[in-house]
$ cat my_file-v1.cif   # mmCIF, C-alpha atoms
data_my_file
#
loop_
_atom_site.group_PDB
_atom_site.id
_atom_site.type_symbol
_atom_site.label_atom_id
_atom_site.label_comp_id
_atom_site.auth_asym_id
_atom_site.auth_seq_id
_atom_site.Cartn_x
_atom_site.Cartn_y
_atom_site.Cartn_z
ATOM 1 C CA MET V 1 -9.398 3.889 2.845
ATOM 2 C CA SER V 2 -11.951 6.581 3.133
ATOM 3 C CA VAL V 3 -12.598 8.614 6.249
ATOM 4 C CA ARG V 4 -15.471 7.166 8.260
ATOM 5 C CA LYS V 5 -17.057 8.860 11.286
ATOM 6 C CA PHE V 6 -19.906 7.691 13.517
ATOM 7 C CA PHE V 7 -22.116 9.949 15.596
ATOM 8 C CA PRO V 8 -24.945 8.850 17.900
ATOM 9 C CA MET V 9 -28.236 10.214 16.647
ATOM 10 C CA GLY V 10 -28.911 11.840 20.024
ATOM 11 C CA PHE V 11 -25.572 13.636 19.759
ATOM 12 C CA VAL V 12 -26.261 14.897 16.266
ATOM 13 C CA SER V 13 -29.552 16.649 16.756
ATOM 14 C CA GLY V 14 -30.254 16.601 20.447
ATOM 15 C CA LEU V 15 -32.922 13.951 19.867
ATOM 16 C CA LEU V 16 -32.897 10.711 21.774
ATOM 17 C CA LEU V 17 -32.794 7.417 19.930
ATOM 18 C CA ALA V 18 -35.934 6.394 21.750
ATOM 19 C CA ALA V 19 -37.736 9.500 20.515
ATOM 20 C CA LEU V 20 -36.767 8.609 16.958
ATOM 21 C CA GLY V 21 -37.705 5.014 17.490
ATOM 22 C CA ILE V 22 -34.505 3.879 15.797
ATOM 23 C CA VAL V 23 -33.838 0.630 17.579
ATOM 24 C CA GLY V 24 -32.983 -2.368 15.441
ATOM 25 C CA CYS V 25 -35.285 -2.311 12.457
ATOM 26 C CA SER V 26 -38.160 -0.365 13.952
ATOM 27 C CA SER V 27 -38.854 3.278 13.335
ATOM 28 C CA ALA V 28 -41.310 5.940 14.364
ATOM 29 C CA ALA V 29 -42.219 9.251 12.827
ATOM 30 C CA VAL V 30 -41.000 12.443 14.473
ATOM 31 C CA ASP V 31 -42.096 15.919 13.436
ATOM 32 C CA GLN V 32 -39.600 16.712 10.650
ATOM 33 C CA PRO V 33 -36.286 16.032 12.476
ATOM 34 C CA GLU V 34 -34.599 15.715 9.063
ATOM 35 C CA ALA V 35 -34.050 19.479 8.773
ATOM 36 C CA GLY V 36 -32.238 19.567 12.127
ATOM 37 C CA ILE V 37 -30.188 16.495 11.231
ATOM 38 C CA LYS V 38 -29.192 18.094 7.902
ATOM 39 C CA GLY V 39 -27.780 21.183 9.596
ATOM 40 C CA ASP V 40 -26.073 19.217 12.341
ATOM 41 C CA VAL V 41 -24.472 16.790 9.876
ATOM 42 C CA GLU V 42 -23.203 19.773 7.865
ATOM 43 C CA LYS V 43 -21.616 21.167 11.061
ATOM 44 C CA LEU V 44 -19.953 17.808 11.763
ATOM 45 C CA LEU V 45 -18.704 17.569 8.191
ATOM 46 C CA ALA V 46 -17.263 21.091 8.330
ATOM 47 C CA GLY V 47 -15.825 20.446 11.808
ATOM 48 C CA SER V 48 -14.503 17.099 12.967
ATOM 49 C CA LEU V 49 -14.592 15.326 9.594
ATOM 50 C CA ALA V 50 -12.787 18.246 7.920
ATOM 51 C CA GLU V 51 -10.148 18.162 10.655
ATOM 52 C CA GLU V 52 -9.637 14.413 10.309
ATOM 53 C CA ALA V 53 -9.513 14.598 6.499
ATOM 54 C CA GLY V 54 -6.668 17.116 6.712
ATOM 55 C CA LEU V 55 -7.808 19.279 3.794
ATOM 56 C CA GLY V 56 -8.352 22.469 5.744
ATOM 57 C CA PRO V 57 -11.702 24.174 6.192
ATOM 58 C CA LEU V 58 -14.659 22.680 4.347
ATOM 59 C CA SER V 59 -17.859 24.395 3.340
ATOM 60 C CA ALA V 60 -20.468 21.662 3.881
ATOM 61 C CA ASP V 61 -23.750 21.017 2.120
ATOM 62 C CA CYS V 62 -26.082 18.042 2.524
ATOM 63 C CA ASP V 63 -29.219 16.901 0.816
ATOM 64 C CA THR V 64 -32.194 16.850 3.157
ATOM 65 C CA PRO V 65 -32.160 13.346 4.632
ATOM 66 C CA PRO V 66 -34.994 10.932 3.904
ATOM 67 C CA PRO V 67 -37.133 9.757 6.829
ATOM 68 C CA LEU V 68 -34.740 8.811 9.616
ATOM 69 C CA GLU V 69 -34.697 5.023 9.519
ATOM 70 C CA VAL V 70 -31.900 2.492 9.746
ATOM 71 C CA GLY V 71 -30.291 2.070 6.338
ATOM 72 C CA GLN V 72 -31.393 5.422 4.933
ATOM 73 C CA GLN V 73 -28.681 7.246 2.971
ATOM 74 C CA TRP V 74 -28.193 10.756 1.652
ATOM 75 C CA LYS V 75 -25.398 12.723 0.061
ATOM 76 C CA CYS V 76 -23.268 15.528 1.399
ATOM 77 C CA THR V 77 -20.310 17.444 0.027
ATOM 78 C CA GLY V 78 -17.542 19.457 1.564
ATOM 79 C CA THR V 79 -15.867 22.079 -0.612
ATOM 80 C CA THR V 80 -12.256 22.989 0.132
ATOM 81 C CA SER V 81 -10.939 26.550 0.007
ATOM 82 C CA ASP V 82 -9.372 25.808 -3.406
ATOM 83 C CA GLY V 83 -12.615 24.417 -4.865
ATOM 84 C CA GLY V 84 -12.015 20.679 -4.400
ATOM 85 C CA VAL V 85 -15.110 18.681 -3.486
ATOM 86 C CA VAL V 86 -15.130 15.907 -0.886
ATOM 87 C CA GLU V 87 -18.047 13.583 -1.540
ATOM 88 C CA VAL V 88 -19.664 12.086 1.552
ATOM 89 C CA GLN V 89 -22.290 9.386 1.917
ATOM 90 C CA ALA V 90 -24.305 9.915 5.101
ATOM 91 C CA SER V 91 -26.390 7.057 6.468
ATOM 92 C CA ILE V 92 -27.987 5.659 9.583
ATOM 93 C CA ASN V 93 -26.315 2.398 10.575
ATOM 94 C CA ASP V 94 -27.730 -0.611 12.431
ATOM 95 C CA GLU V 95 -26.774 0.895 15.795
ATOM 96 C CA GLY V 96 -28.829 4.011 15.030
ATOM 97 C CA HIS V 97 -25.740 6.193 14.546
ATOM 98 C CA ILE V 98 -25.164 8.601 11.726
ATOM 99 C CA GLU V 99 -22.237 7.425 9.609
ATOM 100 C CA LEU V 100 -20.294 9.799 7.372
ATOM 101 C CA LEU V 101 -18.172 8.057 4.740
ATOM 102 C CA THR V 102 -15.983 9.910 2.272
ATOM 103 C CA THR V 103 -16.135 8.368 -1.187
ATOM 104 C CA ASN V 104 -13.336 10.202 -3.000
ATOM 105 C CA LEU V 105 -10.656 10.866 -0.372
ATOM 106 C CA ILE V 106 -7.516 8.950 0.548
ATOM 107 C CA SER V 107 -6.661 10.203 4.001
ATOM 108 C CA GLU V 108 -3.124 11.011 5.087
ATOM 109 C CA VAL V 109 -3.311 8.067 7.495
ATOM 110 C CA ALA V 110 -4.431 5.606 4.786
ATOM 111 C CA LEU V 111 -2.014 6.762 2.064
ATOM 112 C CA PRO V 112 1.003 4.724 3.266
ATOM 113 C CA GLN V 113 -1.171 1.609 3.323
ATOM 114 C CA PHE V 114 -2.217 2.239 -0.302
ATOM 115 C CA GLU V 115 1.461 2.603 -1.209
ATOM 116 C CA ARG V 116 2.415 -0.658 0.541
ATOM 117 C CA VAL V 117 -0.426 -2.563 -1.108
ATOM 118 C CA ALA V 118 0.598 -1.132 -4.500
ATOM 119 C CA ALA V 119 4.208 -2.329 -3.977
ATOM 120 C CA SER V 120 2.957 -5.769 -2.997
ATOM 121 C CA ASN V 121 0.664 -5.912 -6.046
ATOM 122 C CA LEU V 122 3.528 -4.932 -8.358
ATOM 123 C CA ASN V 123 5.732 -7.600 -6.792
ATOM 124 C CA ASN V 124 3.043 -10.224 -7.388
ATOM 125 C CA GLU V 125 2.183 -9.107 -10.932
ATOM 126 C CA VAL V 126 5.658 -8.456 -12.304
ATOM 127 C CA GLY V 127 7.783 -10.707 -10.138
ATOM 128 C CA THR V 128 9.843 -7.895 -8.642
ATOM 129 C CA SER V 129 10.947 -7.580 -5.042
ATOM 130 C CA LEU V 130 10.239 -3.941 -4.349
ATOM 131 C CA PRO V 131 10.389 -2.885 -0.697
ATOM 132 C CA ALA V 132 7.116 -1.675 0.786
ATOM 133 C CA ASP V 133 8.305 1.949 0.777
ATOM 134 C CA SER V 134 9.327 2.002 -2.909
ATOM 135 C CA ILE V 135 6.098 3.712 -4.000
ATOM 136 C CA SER V 136 5.298 7.293 -3.117
ATOM 137 C CA CYS V 137 2.039 9.070 -3.860
ATOM 138 C CA GLY V 138 2.908 12.124 -1.762
ATOM 139 C CA ASP V 139 2.501 12.864 1.906
ATOM 140 C CA ALA V 140 -0.802 14.722 2.013
ATOM 141 C CA PRO V 141 -4.440 13.611 1.754
ATOM 142 C CA ILE V 142 -5.533 12.976 -1.819
ATOM 143 C CA LEU V 143 -8.860 14.215 -3.072
ATOM 144 C CA LEU V 144 -9.695 11.997 -6.041
ATOM 145 C CA GLY V 145 -11.183 13.507 -9.170
ATOM 146 C CA ALA V 146 -13.842 11.911 -11.352
ATOM 147 C CA ASP V 147 -11.201 9.630 -12.889
ATOM 148 C CA MET V 148 -10.296 8.313 -9.384
ATOM 149 C CA GLU V 149 -6.591 8.423 -10.329
ATOM 150 C CA VAL V 150 -3.537 9.170 -8.214
ATOM 151 C CA ASP V 151 -0.120 10.039 -9.631
ATOM 152 C CA CYS V 152 2.662 8.154 -7.873
ATOM 153 C CA VAL V 153 6.348 7.348 -8.317
ATOM 154 C CA VAL V 154 7.989 3.907 -8.169
ATOM 155 C CA SER V 155 11.621 4.006 -7.015
ATOM 156 C CA MET V 156 13.831 1.084 -8.000
ATOM 157 C CA PRO V 157 16.215 0.604 -5.059
ATOM 158 C CA SER V 158 18.865 -1.296 -7.058
ATOM 159 C CA SER V 159 19.249 1.319 -9.816
ATOM 160 C CA GLY V 160 17.864 4.461 -8.207
ATOM 161 C CA LEU V 161 15.656 4.966 -11.265
ATOM 162 C CA GLU V 162 12.162 6.371 -10.786
ATOM 163 C CA TYR V 163 9.095 5.503 -12.837
ATOM 164 C CA ASP V 164 5.832 7.417 -13.008
ATOM 165 C CA MET V 165 2.853 5.330 -11.984
ATOM 166 C CA VAL V 166 -0.889 5.971 -12.070
ATOM 167 C CA MET V 167 -3.069 4.276 -9.476
ATOM 168 C CA ARG V 168 -6.740 4.105 -10.529
ATOM 169 C CA VAL V 169 -8.809 3.448 -7.397
ATOM 170 C CA THR V 170 -11.875 1.242 -7.808
ATOM 171 C CA ASP V 171 -12.719 0.634 -4.115
ATOM 172 C CA LEU V 172 -11.322 2.873 -1.373
ATOM 173 C CA ASP V 173 -12.259 0.676 1.572
ATOM 174 C CA LYS V 174 -10.950 -2.575 0.115
ATOM 175 C CA PHE V 175 -7.790 -1.040 -1.404
ATOM 176 C CA TYR V 176 -8.738 -2.154 -4.913
ATOM 177 C CA PHE V 177 -6.980 -0.337 -7.700
ATOM 178 C CA ALA V 178 -5.307 -0.792 -11.073
ATOM 179 C CA LEU V 179 -1.694 0.255 -11.582
ATOM 180 C CA GLN V 180 -0.093 1.595 -14.723
ATOM 181 C CA VAL V 181 3.684 2.079 -14.619
ATOM 182 C CA ALA V 182 5.548 4.055 -17.287
ATOM 183 C CA ASN V 183 7.712 2.007 -19.646
ATOM 184 C CA GLU V 184 10.676 4.363 -19.307
ATOM 185 C CA PRO V 185 12.220 5.773 -16.140
ATOM 186 C CA ARG V 186 11.807 9.474 -15.380
ATOM 187 C CA SER V 187 15.414 10.375 -16.221
ATOM 188 C CA VAL V 188 15.102 8.881 -19.732
ATOM 189 C CA VAL V 189 11.760 10.588 -20.356
ATOM 190 C CA GLU V 190 13.120 13.945 -19.072
ATOM 191 C CA GLN V 191 16.223 13.714 -21.313
ATOM 192 C CA GLU V 192 14.101 13.043 -24.411
ATOM 193 C CA SER V 193 11.828 16.054 -23.757
#
$ encode --input "my_file-v1.cif" --output "structure tokens"
Amino acid sequence: MSVRKFFPMGFVSGLLLAALGIVGCSSAAVDQPEAGIKGDVEKLLAGSLAEEAGLGPLSADCDTPPPLEVGQQWKCTGTTSDGGVVEVQASINDEGHIELLTTNLISEVALPQFERVAASNLNNEVGTSLPADSISCGDAPILLGADMEVDCVVSMPSSGLEYDMVMRVTDLDKFYFALQVANEPRSVVEQES
């Protein structure tokens, strides 16, 4: 699950929804509010979204938004202190709020749910009966690279053996991913090395 934040348009730039004319599907032109929205969205990304994501300070940068109408989208990024890049899709939703949606981040809050779904998927695919907590992908937010892969470990409760597993995420919000589990447990692989 990605991190999703909503901000009323009036909150973001000090403009009222009525002044923007963003009510339902209607819109009205305002003298270049996009530049103000860009800066304010960058502040929100570097502030509250960065705090919620749990990656530390972010240096934010956004494209200049298109005309401010319901459904319009633009891209932003937040760069971590170690050079990681959080990709964010900014948009104006049907309620006239600005929505910030991370597209390559598994939040610390969502990570246990990914792990539980992965255990359930393995149980269904392989016919095992792994407990929900048998998969660990760490305990910190995960910033996905271009390959959208996460390194995890599967622990077999009956034997105590651990297997490396790669989770390739295809849809963050719907918890869609492919799993690839190593053929040999970690202890066997480590002894052969």
$ residues_near_point --input "my_file-v1.cif" --point "(-31.6, 15.2, 1.9)" --cutoff "8 Å" --atoms "all atoms listed in the file" --output "list in words"
Glu34, Lys38, Cys62, Asp63, Thr64, Pro65, Pro66, Trp74 and Lys75 of chain V
$ closest_residue --input "my_file-v1.cif" --among "V:Phe114, V:Tyr176, V:Val169, V:Pro131" --to "Ser155 in chain V" --atoms "only C-alpha atoms"
V:Pro131
$ resolve_selection --input "my_file-v1.cif" --expression "the PyMOL selection byres ((chain V and resi 160-165) around 8)" --output "list in words"
Asp151, Cys152, Val153, Val154, Ser155, Met156, Pro157, Ser158, Ser159, Val166, Met167, Leu179, Gln180, Val181, Ala182, Asn183, Glu184, Pro185, Arg186 and Ser187 of chain V
$ write_last_selection --input "my_file-v1.cif" --atoms "C-alpha atoms" --output "mmCIF file, in the coordinates of the input"
data_model
loop_
_atom_site.group_PDB
_atom_site.id
_atom_site.type_symbol
_atom_site.label_atom_id
_atom_site.label_comp_id
_atom_site.auth_asym_id
_atom_site.auth_seq_id
_atom_site.Cartn_x
_atom_site.Cartn_y
_atom_site.Cartn_z
ATOM 1 C CA ASP V 151 -0.120 10.039 -9.631
ATOM 2 C CA CYS V 152 2.662 8.154 -7.873
ATOM 3 C CA VAL V 153 6.348 7.348 -8.317
ATOM 4 C CA VAL V 154 7.989 3.907 -8.169
ATOM 5 C CA SER V 155 11.621 4.006 -7.015
ATOM 6 C CA MET V 156 13.831 1.084 -8.000
ATOM 7 C CA PRO V 157 16.215 0.604 -5.059
ATOM 8 C CA SER V 158 18.865 -1.296 -7.058
ATOM 9 C CA SER V 159 19.249 1.319 -9.816
ATOM 10 C CA VAL V 166 -0.889 5.971 -12.070
ATOM 11 C CA MET V 167 -3.069 4.276 -9.476
ATOM 12 C CA LEU V 179 -1.694 0.255 -11.582
ATOM 13 C CA GLN V 180 -0.093 1.595 -14.723
ATOM 14 C CA VAL V 181 3.684 2.079 -14.619
ATOM 15 C CA ALA V 182 5.548 4.055 -17.287
ATOM 16 C CA ASN V 183 7.712 2.007 -19.646
ATOM 17 C CA GLU V 184 10.676 4.363 -19.307
ATOM 18 C CA PRO V 185 12.220 5.773 -16.140
ATOM 19 C CA ARG V 186 11.807 9.474 -15.380
ATOM 20 C CA SER V 187 15.414 10.375 -16.221
#
$ atom_distance --input "my_file-v1.cif" --atom1 "CA of Ala110 in chain V" --atom2 "CA of Asp133 in chain V"
13.8 Å
$ atom_distance --input "my_file-v1.cif" --atom1 "CA of Ser107 in chain V" --atom2 "CA of Ala53 in chain V"
5.8 Å
$ residues_around --input "my_file-v1.cif" --residues "Asn121 in chain V" --least-positions-apart "2" --cutoff "12 Å" --atoms "all atoms listed in the file" --output "list in words"
Phe114, Glu115, Arg116, Val117, Ala118, Ala119, Asn123, Asn124, Glu125, Val126, Gly127, Thr128, Ser129, Leu130, Pro131, Ala132, Ile135, Met167, Phe175, Tyr176, Phe177, Ala178, Leu179 and Gln180 of chain V
$ write_last_selection --input "my_file-v1.cif" --atoms "C-alpha atoms" --output "PDB file, in the frame of the given file"
ATOM      1  CA  PHE V 114      -2.217   2.239  -0.302  1.00  0.00           C
ATOM      2  CA  GLU V 115       1.461   2.603  -1.209  1.00  0.00           C
ATOM      3  CA  ARG V 116       2.415  -0.658   0.541  1.00  0.00           C
ATOM      4  CA  VAL V 117      -0.426  -2.563  -1.108  1.00  0.00           C
ATOM      5  CA  ALA V 118       0.598  -1.132  -4.500  1.00  0.00           C
ATOM      6  CA  ALA V 119       4.208  -2.329  -3.977  1.00  0.00           C
ATOM      7  CA  ASN V 123       5.732  -7.600  -6.792  1.00  0.00           C
ATOM      8  CA  ASN V 124       3.043 -10.224  -7.388  1.00  0.00           C
ATOM      9  CA  GLU V 125       2.183  -9.107 -10.932  1.00  0.00           C
ATOM     10  CA  VAL V 126       5.658  -8.456 -12.304  1.00  0.00           C
ATOM     11  CA  GLY V 127       7.783 -10.707 -10.138  1.00  0.00           C
ATOM     12  CA  THR V 128       9.843  -7.895  -8.642  1.00  0.00           C
ATOM     13  CA  SER V 129      10.947  -7.580  -5.042  1.00  0.00           C
ATOM     14  CA  LEU V 130      10.239  -3.941  -4.349  1.00  0.00           C
ATOM     15  CA  PRO V 131      10.389  -2.885  -0.697  1.00  0.00           C
ATOM     16  CA  ALA V 132       7.116  -1.675   0.786  1.00  0.00           C
ATOM     17  CA  ILE V 135       6.098   3.712  -4.000  1.00  0.00           C
ATOM     18  CA  MET V 167      -3.069   4.276  -9.476  1.00  0.00           C
ATOM     19  CA  PHE V 175      -7.790  -1.040  -1.404  1.00  0.00           C
ATOM     20  CA  TYR V 176      -8.738  -2.154  -4.913  1.00  0.00           C
ATOM     21  CA  PHE V 177      -6.980  -0.337  -7.700  1.00  0.00           C
ATOM     22  CA  ALA V 178      -5.307  -0.792 -11.073  1.00  0.00           C
ATOM     23  CA  LEU V 179      -1.694   0.255 -11.582  1.00  0.00           C
ATOM     24  CA  GLN V 180      -0.093   1.595 -14.723  1.00  0.00           C
TER      25      GLN V 180
END
$ atom_distance --input "my_file-v1.cif" --atom1 "CA of Val150 in chain V" --atom2 "CA of Thr170 in chain V"
11.5 Å
$ residues_around --input "my_file-v1.cif" --residues "range 45-52 of chain V" --least-positions-apart "3" --cutoff "10 Å" --atoms "only C-alpha atoms" --output "list in words"
Val3, Arg4, Lys5, Gly39, Asp40, Val41, Glu42, Leu55, Gly56, Pro57, Leu58, Ser59, Ala60, Asp61, Cys62, Cys76, Thr77, Gly78, Thr79, Thr80, Val86, Val88, Ala90, Leu100, Leu101, Thr102, Ser107, Glu108 and Val109 of chain V
$ residues_around --input "my_file-v1.cif" --residues "range 92-95 of chain V" --least-positions-apart "4" --cutoff "7 Å" --atoms "all atoms listed in the file" --output "MDAnalysis selection string"
chainID V and resid 24 69:73 99
